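Engineer: Sending over model39.pdb (PDB, C-alpha atoms).
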MODEL        1
ATOM      1  CA  MET A   1       0.000   0.000   0.000  1.00  0.00           C
ATOM      2  CA  PRO A   2       1.511   3.350  -0.971  1.00  0.00           C
ATOM      3  CA  LEU A   3       2.323   5.935   1.668  1.00  0.00           C
ATOM      4  CA  THR A   4      -0.032   8.807   2.312  1.00  0.00           C
ATOM      5  CA  ASP A   5       1.101  12.344   3.122  1.00  0.00           C
ATOM      6  CA  GLN A   6       0.195  11.684   6.755  1.00  0.00           C
ATOM      7  CA  ASP A   7       2.442   8.576   6.773  1.00  0.00           C
ATOM      8  CA  ILE A   8       5.288  10.598   5.292  1.00  0.00           C
ATOM      9  CA  ARG A   9       4.878  13.392   7.877  1.00  0.00           C
ATOM     10  CA  ALA A  10       4.982  10.814  10.679  1.00  0.00           C
ATOM     11  CA  LEU A  11       8.150   9.271   9.217  1.00  0.00           C
ATOM     12  CA  VAL A  12       9.730  12.720   8.829  1.00  0.00           C
ATOM     13  CA  HIS A  13       9.144  13.409  12.512  1.00  0.00           C
ATOM     14  CA  LEU A  14      10.521   9.986  13.442  1.00  0.00           C
ATOM     15  CA  ALA A  15      13.598  10.386  11.231  1.00  0.00           C
ATOM     16  CA  ILE A  16      14.507  13.759  12.692  1.00  0.00           C
ATOM     17  CA  ARG A  17      14.060  12.441  16.250  1.00  0.00           C
ATOM     18  CA  CYS A  18      16.225   9.358  15.484  1.00  0.00           C
ATOM     19  CA  ARG A  19      19.274  11.366  14.381  1.00  0.00           C
ATOM     20  CA  PRO A  20      22.244  10.665  16.676  1.00  0.00           C
ATOM     21  CA  SER A  21      23.611  13.564  18.683  1.00  0.00           C
ATOM     22  CA  GLY A  22      26.498  15.297  16.961  1.00  0.00           C
ATOM     23  CA  SER A  23      25.372  14.245  13.468  1.00  0.00           C
ATOM     24  CA  PRO A  24      24.159  16.755  10.867  1.00  0.00           C
ATOM     25  CA  ARG A  25      20.521  17.739  11.314  1.00  0.00           C
ATOM     26  CA  TRP A  26      18.034  16.962   8.559  1.00  0.00           C
ATOM     27  CA  ASP A  27      15.436  19.523   7.556  1.00  0.00           C
ATOM     28  CA  ASP A  28      11.734  18.665   7.288  1.00  0.00           C
ATOM     29  CA  ALA A  29      11.343  19.555   3.609  1.00  0.00           C
ATOM     30  CA  GLY A  30      14.336  17.529   2.431  1.00  0.00           C
ATOM     31  CA  THR A  31      13.338  14.522   4.494  1.00  0.00           C
ATOM     32  CA  PHE A  32       9.759  14.731   3.212  1.00  0.00           C
ATOM     33  CA  ALA A  33      10.994  14.903  -0.383  1.00  0.00           C
ATOM     34  CA  ALA A  34      13.294  11.906   0.034  1.00  0.00           C
ATOM     35  CA  ILE A  35      10.541   9.771   1.570  1.00  0.00           C
ATOM     36  CA  ALA A  36       8.035  10.900  -1.058  1.00  0.00           C
ATOM     37  CA  LYS A  37      10.298   9.460  -3.772  1.00  0.00           C
ATOM     38  CA  VAL A  38       9.755   5.959  -2.361  1.00  0.00           C
ATOM     39  CA  ARG A  39       6.100   6.377  -1.409  1.00  0.00           C
ATOM     40  CA  HIS A  40       5.090   3.607  -3.825  1.00  0.00           C
ATOM     41  CA  LEU A  41       6.854   0.989  -1.654  1.00  0.00           C
ATOM     42  CA  ALA A  42       5.410  -0.803   1.385  1.00  0.00           C
ATOM     43  CA  LEU A  43       5.067   1.277   4.541  1.00  0.00           C
ATOM     44  CA  ALA A  44       6.950  -1.257   6.689  1.00  0.00           C
ATOM     45  CA  ASP A  45       9.928  -1.351   4.298  1.00  0.00           C
ATOM     46  CA  VAL A  46      10.101   2.430   4.021  1.00  0.00           C
ATOM     47  CA  SER A  47       9.759   2.827   7.806  1.00  0.00           C
ATOM     48  CA  LEU A  48      12.664   0.465   8.488  1.00  0.00           C
ATOM     49  CA  SER A  49      14.795   2.168   5.860  1.00  0.00           C
ATOM     50  CA  VAL A  50      14.037   5.625   7.259  1.00  0.00           C
ATOM     51  CA  ILE A  51      14.976   4.543  10.775  1.00  0.00           C
ATOM     52  CA  ARG A  52      18.218   2.897   9.595  1.00  0.00           C
ATOM     53  CA  ALA A  53      19.146   5.946   7.515  1.00  0.00           C
ATOM     54  CA  ALA A  54      18.355   8.363  10.341  1.00  0.00           C
ATOM     55  CA  ASP A  55      20.391   6.278  12.790  1.00  0.00           C
ATOM     56  CA  ASP A  56      23.452   6.453  10.501  1.00  0.00           C
ATOM     57  CA  ALA A  57      25.588   9.320  11.782  1.00  0.00           C
ATOM     58  CA  LYS A  58      27.535   9.333   8.488  1.00  0.00           C
ATOM     59  CA  ALA A  59      24.398  10.103   6.440  1.00  0.00           C
ATOM     60  CA  GLN A  60      24.837  13.809   5.749  1.00  0.00           C
ATOM     61  CA  THR A  61      21.466  14.269   4.023  1.00  0.00           C
ATOM     62  CA  PRO A  62      18.146  12.397   3.942  1.00  0.00           C
ATOM     63  CA  GLY A  63      18.780  11.677   0.254  1.00  0.00           C
ATOM     64  CA  VAL A  64      20.018   8.192   1.168  1.00  0.00           C
ATOM     65  CA  ILE A  65      16.406   7.259   1.907  1.00  0.00           C
ATOM     66  CA  ALA A  66      15.493   7.565  -1.785  1.00  0.00           C
ATOM     67  CA  ASN A  67      18.561   5.553  -2.909  1.00  0.00           C
ATOM     68  CA  LEU A  68      17.354   1.934  -3.020  1.00  0.00           C
ATOM     69  CA  GLY A  69      20.957   0.703  -3.242  1.00  0.00           C
ATOM     70  CA  ALA A  70      22.012   2.414  -0.026  1.00  0.00           C
ATOM     71  CA  PRO A  71      22.881   0.325   3.058  1.00  0.00           C
ATOM     72  CA  ASN A  72      19.763   1.489   4.882  1.00  0.00           C
ATOM     73  CA  TRP A  73      17.665  -0.695   2.550  1.00  0.00           C
ATOM     74  CA  GLN A  74      19.457  -3.886   3.638  1.00  0.00           C
ATOM     75  CA  GLU A  75      18.725  -5.743   6.850  1.00  0.00           C
ATOM     76  CA  ARG A  76      21.377  -5.277   9.489  1.00  0.00           C
ATOM     77  CA  GLY A  77      23.594  -8.278  10.097  1.00  0.00           C
ATOM     78  CA  THR A  78      23.460  -8.177  13.866  1.00  0.00           C
ATOM     79  CA  ARG A  79      20.541  -9.783  15.579  1.00  0.00           C
ATOM     80  CA  PRO A  80      19.446  -9.521  19.194  1.00  0.00           C
ATOM     81  CA  GLN A  81      21.309 -11.881  21.455  1.00  0.00           C
ATOM     82  CA  PRO A  82      19.387 -15.049  22.344  1.00  0.00           C
ATOM     83  CA  LEU A  83      18.069 -15.313  25.860  1.00  0.00           C
ATOM     84  CA  GLU A  84      20.277 -17.162  28.272  1.00  0.00           C
ATOM     85  CA  PRO A  85      18.585 -20.217  29.756  1.00  0.00           C
ATOM     86  CA  TYR A  86      17.746 -19.808  33.433  1.00  0.00           C
ATOM     87  CA  ASP A  87      19.956 -21.951  35.642  1.00  0.00           C
ATOM     88  CA  PRO A  88      19.155 -21.690  39.372  1.00  0.00           C
ATOM     89  CA  THR A  89      22.668 -22.842  40.288  1.00  0.00           C
ATOM     90  CA  THR A  90      24.263 -19.818  38.579  1.00  0.00           C
ATOM     91  CA  ALA A  91      21.462 -17.214  38.892  1.00  0.00           C
ATOM     92  CA  CYS A  92      21.245 -14.608  41.637  1.00  0.00           C
ATOM     93  CA  ASP A  93      18.241 -15.031  43.925  1.00  0.00           C
ATOM     94  CA  ILE A  94      17.791 -11.260  44.214  1.00  0.00           C
ATOM     95  CA  CYS A  95      18.120 -10.005  40.619  1.00  0.00           C
ATOM     96  CA  SER A  96      18.137 -13.253  38.553  1.00  0.00           C
ATOM     97  CA  LEU A  97      21.317 -12.275  36.693  1.00  0.00           C
ATOM     98  CA  PRO A  98      23.744 -15.110  35.933  1.00  0.00           C
ATOM     99  CA  VAL A  99      26.915 -15.084  37.998  1.00  0.00           C
ATOM    100  CA  HIS A 100      29.126 -14.042  35.040  1.00  0.00           C
ATOM    101  CA  ARG A 101      27.000 -10.892  34.481  1.00  0.00           C
ATOM    102  CA  HIS A 102      26.664 -10.021  38.180  1.00  0.00           C
ATOM    103  CA  THR A 103      28.894  -7.067  39.026  1.00  0.00           C
ATOM    104  CA  SER A 104      29.639  -4.866  41.996  1.00  0.00           C
ATOM    105  CA  LEU A 105      27.250  -2.338  40.425  1.00  0.00           C
ATOM    106  CA  SER A 106      24.319  -4.689  41.067  1.00  0.00           C
ATOM    107  CA  GLY A 107      23.933  -3.160  44.505  1.00  0.00           C
ATOM    108  CA  HIS A 108      24.046  -6.443  46.436  1.00  0.00           C
ATOM    109  CA  ASP A 109      26.181  -9.528  46.904  1.00  0.00           C
ATOM    110  CA  PHE A 110      25.570 -12.557  44.708  1.00  0.00           C
ATOM    111  CA  VAL A 111      23.221 -15.098  46.306  1.00  0.00           C
ATOM    112  CA  SER A 112      22.706 -18.315  44.382  1.00  0.00           C
ATOM    113  CA  ALA A 113      19.011 -18.991  43.790  1.00  0.00           C
ATOM    114  CA  HIS A 114      19.675 -22.690  44.301  1.00  0.00           C
ATOM    115  CA  ASP A 115      21.356 -22.164  47.689  1.00  0.00           C
ATOM    116  CA  ALA A 116      18.708 -19.656  48.802  1.00  0.00           C
ATOM    117  CA  ALA A 117      15.922 -22.114  47.950  1.00  0.00           C
ATOM    118  CA  ARG A 118      17.701 -24.862  49.879  1.00  0.00           C
ATOM    119  CA  ARG A 119      18.054 -22.574  52.922  1.00  0.00           C
ATOM    120  CA  ARG A 120      14.356 -21.696  52.708  1.00  0.00           C
ATOM    121  CA  ASP A 121      13.496 -25.425  52.730  1.00  0.00           C
ATOM    122  CA  VAL A 122      15.631 -26.054  55.816  1.00  0.00           C
ATOM    123  CA  ALA A 123      14.678 -22.923  57.728  1.00  0.00           C
ATOM    124  CA  PRO A 124      11.693 -21.211  56.114  1.00  0.00           C
ATOM    125  CA  LYS A 125      11.256 -17.508  56.538  1.00  0.00           C
ATOM    126  CA  PRO A 126       9.237 -16.632  59.627  1.00  0.00           C
ATOM    127  CA  PRO A 127       5.701 -15.487  58.821  1.00  0.00           C
ATOM    128  CA  LEU A 128       4.992 -11.788  59.076  1.00  0.00           C
ATOM    129  CA  PRO A 129       3.122 -10.864  62.265  1.00  0.00           C
ATOM    130  CA  ARG A 130      -0.580 -10.275  61.838  1.00  0.00           C
ATOM    131  CA  LYS A 131      -2.152  -6.968  62.765  1.00  0.00           C
ATOM    132  CA  ARG A 132      -3.714  -8.498  65.898  1.00  0.00           C
ATOM    133  CA  ASP A 133      -0.304  -9.694  67.072  1.00  0.00           C
ATOM    134  CA  ILE A 134       1.206  -6.240  66.690  1.00  0.00           C
ATOM    135  CA  ASP A 135      -1.642  -4.215  68.262  1.00  0.00           C
ATOM    136  CA  PRO A 136      -3.705  -6.446  70.579  1.00  0.00           C
ATOM    137  CA  ASP A 137      -5.885  -3.513  71.779  1.00  0.00           C
ATOM    138  CA  PRO A 138      -8.059  -2.448  68.836  1.00  0.00           C
ATOM    139  CA  THR A 139      -9.609   0.510  70.721  1.00  0.00           C
ATOM    140  CA  PRO A 140      -8.106   3.806  69.600  1.00  0.00           C
ATOM    141  CA  ALA A 141      -6.456   6.121  72.105  1.00  0.00           C
ATOM    142  CA  ALA A 142      -8.435   9.160  73.252  1.00  0.00           C
ATOM    143  CA  PRO A 143      -7.723  12.220  71.134  1.00  0.00           C
ATOM    144  CA  GLU A 144      -5.557  14.938  72.573  1.00  0.00           C
ATOM    145  CA  PRO A 145      -7.713  17.765  74.032  1.00  0.00           C
ATOM    146  CA  THR A 146      -7.767  20.988  72.028  1.00  0.00           C
ATOM    147  CA  ARG A 147      -6.354  24.243  73.359  1.00  0.00           C
ATOM    148  CA  HIS A 148      -9.869  25.531  74.015  1.00  0.00           C
ATOM    149  CA  GLU A 149     -10.757  22.460  76.101  1.00  0.00           C
ATOM    150  CA  LYS A 150      -7.534  22.834  78.115  1.00  0.00           C
ATOM    151  CA  GLU A 151      -8.317  26.515  78.869  1.00  0.00           C
ATOM    152  CA  THR A 152     -11.885  25.786  79.954  1.00  0.00           C
ATOM    153  CA  ARG A 153     -10.759  23.029  82.343  1.00  0.00           C
ATOM    154  CA  ALA A 154      -8.251  25.277  84.051  1.00  0.00           C
TER     155      ALA A 154
ENDMDL
END
How does the structure come out when it is put into structure tokens?
Structural biologist:
Amino acid sequence: MPLTDQDIRALVHLAIRCRPSGSPRWDDAGTFAAIAKVRHLALADVSLSVIRAADDAKAQTPGVIANLGAPNWQERGTRPQPLEPYDPTTACDICSLPVHRHTSLSGHDFVSAHDAARRRDVAPKPPLPRKRDIDPDPTPAAPEPTRHEKETRA
């Protein structure tokens, strides 16, 4: 489905916001013109290309968007890293990070989830006290007399 003018304006805004700091700024009119040259292509393909081009600090102008041979039209080679399988023997009980990614910046010492679970089985955590155990007298204390009441009593 071809891009509408509203689609192009949204992509222009996105492209300008995606520019890395320190890279040359792109103007609205030039970015709109470059995207309009590829408006006949699918919205998803153009959107990905615009984001890749805008993220490229070396792209001096938005003209690379209209160049179908430019690198921004190819998928990037890097993929997100696969999730690490959860292993309770090497995972922290507090933050769930594996031991090799646990650093001093984590804010706490490493506690193996496996060892913590074993300790909980041997000596479970004590239950929290109930409200009745904390405050056995449910009647509220008498309110403090006001200044006026104190003066009238005296």
Engineer: Within 10 Å of A:Cys18, counting all atoms listed in the file, which residues qualify if same-chain residues fewer than 6 places away don't, as a PyMOL selection string?
Structural biologist: chain A and resi 12+50-56
Engineer: Quick check, in Å to one decimal: how far apart do atom CA of A:His114 and atom CA of A:Pro88 lie?
Structural biologist: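 Value for the atom CA of A:His114-atom CA of A:Pro88 distance: 5.1 Å.
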Engineer: Kindly indicate which residue among A:Val99, A:Ala113, A:Leu11, A:Ala142 lies nearest to A:Ala36, using all atoms listed in the file for the distances.
Structural biologist: A:Leu11
Engineer: On this structure, which residues satisfy the PyMOL selection byres ((chain A and resi 1) around 10), written as a ChimeraX atom specification?
Structural biologist: /A:2-4,39-44
Engineer: Can you work out the spacing between atom CA of A:Gly107 and atom CA of A:Arg119 in Å, to one decimal?
Structural biologist: 22.0 Å
Engineer: Atom CA of A:Ile94 to atom CA of A:Asp115: how many Å, to one decimal?
Structural biologist: 12.0 Å
Engineer: Could you give me, as a VMD selection string, the residues within 10 Å of A:His13, counting only C-alpha atoms and dropping anything in the same chain fewer than 5 positions from it?
Structural biologist: chain A and resid 8 18 28 31 to 32
Engineer: Would you kindly return, as a list of chain:residue names, each protein, DNA or RNA residue with an atom no farther than 9 Å from any atom of A:Thr61, considering all atoms listed in the file and excluding same-chain residues fewer than 4 positions away?
Structural biologist: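 Here the qualifying residues turn out to be A:Pro24, A:Arg25, A:Trp26, A:Asp27, A:Gly30, A:Thr31, A:Ile65.
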Engineer: Counting all atoms listed in the file, which of A:Leu14, A:Val38, A:Ala29, A:Leu97 gets nearest to A:Phe110?
Structural biologist: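 Closest to A:Phe110, using all atoms listed in the file: A:Leu97.
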